[in-house]
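Here's the structure, in structure tokens; my notes come after.
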Amino acid sequence: MAQQGDAAAFERLYQLHNRRVYSLCLRMVGNTAEAEDLTQEAFLQLFRKISTFRGESAFSTWLHRLAVNVVLMRLRKKSAAETSLEEVTEPDEESGGPRRDFGGPDLQLTGSIDRVNLQRAVEQLPPGYKAVFVLHDVQGFEHNEIAEIMNCSIGNSKSQLHKARMRLRELLQETLRDKAREDRKAAGAASGGEE
Amino acid sequence: MSPSPCEEFSKHLESWLEESHDPVMEAHVRSCARCNALVEDLGAIRATAFEWAYPEDEPSPSLWTSLRAQLEAEGLIHVQTTSWWDRLTSWVPSSSRPVLAGAYVAILVAVAFAISGPGESRLDRQLWLQSAENTSQPLQQDLDLAEQATVSTLPQSNSPVTASLQKNLAVVDNYIVLCEKSVRDDPQDEVAREYLFDAYQQKADLLAVMSERGDYEQ
């Protein structure tokens with residue numbers, strides 16, 4: 001019915017899938033207004049193309065493919081606009097953006113990760129890593145589904161996920177190191193004030 | 001030079017995380033603090049990501065309104081406009097009573113006349129009035145029959161609900177008489193025809209309620 005432009009059928013489809021699509025967008029961009037904007041764009045694309053849906057893949061997979069494409073396009077456009085010339089000295093293999101150098105000893109993350117710092121770290125991931133990580137580890141898609149959504153091989157999906165997790169670990173360790181430095185500074189200032 | 005056990009483990013890390021544990025690698029992870037920390041960190045990231053999925057967030061309700069407006073503007077959706085015929089047929093209850101069903105059909109025909117209205121010419125007006133007259137007479141008989149059948153199913157008790165339903169029926173009957181008169185006086189008056197439409201609808205609804213109540217009480 002939605003393929004014939006029936007408004008009620010469109011609304012039913014929207015009601016069925018809007019939460020999942022919005023959650024995906026929100027986890028990828030970390031901003032509610034932008035996530036809503038992207039959700040609207042994803043559904044617009046869906047309804048514009050619904051007559052071409054032939055049921056070769058699951059409807060949900062097809063919808064997520066549209067949503068991921070919309071988000072990736074926005075993120076890539078944004079990162080291209082935000083990347084300055086000096087930052088592109090050591091391009092990262094996935095994002096084309098700068099690779100950060102993480103120094104210092106490895107800090108154990110267990111017990112120190114929460115949603116907030118995970119979210120911050122995810123925001124810093126290159127778009128492709130971010131998409132695979134959110135789809136697999138947050139939304140629970142399997143690699144064969146992600147391969148369909150991202151239009152890549154299963155092997156590629158696995159390798160992107162692995163790299164995303166390793167990068168997240170580095171980012172989270174960096175956060176811990178920053179926090180430890182700040183704590184030391186604060187402790188130093190407090191003891192200096194006492195003397 | 002052969003790779004170190006840690007390098008070897010990093011090659012197997014992906015399958016390790018997918019719960020496929022090689023005994024040699026397992027022994028290495030137990031004995032190597034660095035690889036053990038790596039496995040634990042990645043496990044902690046996965047666990048936090050899994051928790052992050054819930055509860056699922058919901059976009060604001062205005063999003064559908066805005067999306068729908070955009071879809072309409074692009075002509076991608078068409079809203080089902082209800083025609084007068086759809087409005088009329090939607091009245092017909094799923095009643096098993098043939099008399100009541102017959103009355104509904106008669107109401108549909110009469111209302112179709114009432115809403116369609118006469119044409120512009122004098123001849124059209126006369127023809128329409130004549131046809132409306134011809135339609136309303138059998139309708140009155142059908143409605144009377146339906147009313148009798150429905151009222152006979154009501155309990156004989158003097159319950160306040162039954163009394164109220166009968167009182168309402170009398171009010172609606174009077175209202176119909178008034179509306180029919182207005183439509184006859186000025187067949188071009190769309191408001192009068194709309195009122196007549198509503199009056200028939202009220203009577204139909206009331207008879208359906210009374211019929212259901214009769215079934216329920218018996």
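Every chain in the structure tokens has a letter given in the order shown (A, B, ...), and although residue numbers restart at 1 in each chain, ligands are simply numbered from 1 in the order shown.
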Practice item. Pull out every residue of chain B sitting within 6 Å of chain A, counting only C-alpha atoms, and send them as a ChimeraX atom specification. Key: /B:41,44,49-50,53,57-58,76-79
Review point. Atom CA of Leu63 of chain A and atom CA of Tyr54 of chain B, how far apart in Å?
Key: 20.4 Å
Review point. Expressed in Å to a single decimal, how great is the separation between atom CA of Glu174 of chain A and atom CA of Val71 of chain A?
Key: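 Taking atom CA of Glu174 of chain A as the start and atom CA of Val71 of chain A as the end point, the length is 26.6 Å.
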Exercise for review: Please provide the set of residues having any atom within 12 Å of Met73 of chain A, restricted to only C-alpha atoms, with same-chain residues fewer than 2 positions apart removed, written as a list in words.
Suggested key: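 The residues that qualify are Met28, Val29, Leu38, Glu41, Ala42, Leu66, Ala67, Val68, Asn69, Val70, Val71, Leu75, Arg76, Lys77, Lys78, Ser79, Ala80, Pro127, Gly128 and Ala131 of chain A.
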Practice item. Quote the spacing between atom CA of Glu147 of chain B and atom CA of Leu207 of chain B in Å to one decimal place. Key: 6.9 Å
Review point. Which of segment 115-192 of chain A counts as alpha helix (DSSP H) under DSSP, as JSON, numbers by chain please?
Key: {"A": [115, 116, 117, 118, 119, 120, 121, 122, 123, 127, 128, 129, 130, 131, 132, 133, 143, 144, 145, 146, 147, 148, 149, 150, 154, 155, 156, 157, 158, 159, 160, 161, 162, 163, 164, 165, 166, 167, 168, 169, 170, 171, 172, 173, 174, 175, 176, 177, 178, 179, 180, 181, 182, 183, 184, 185, 186, 187, 188, 189, 190, 191, 192]}
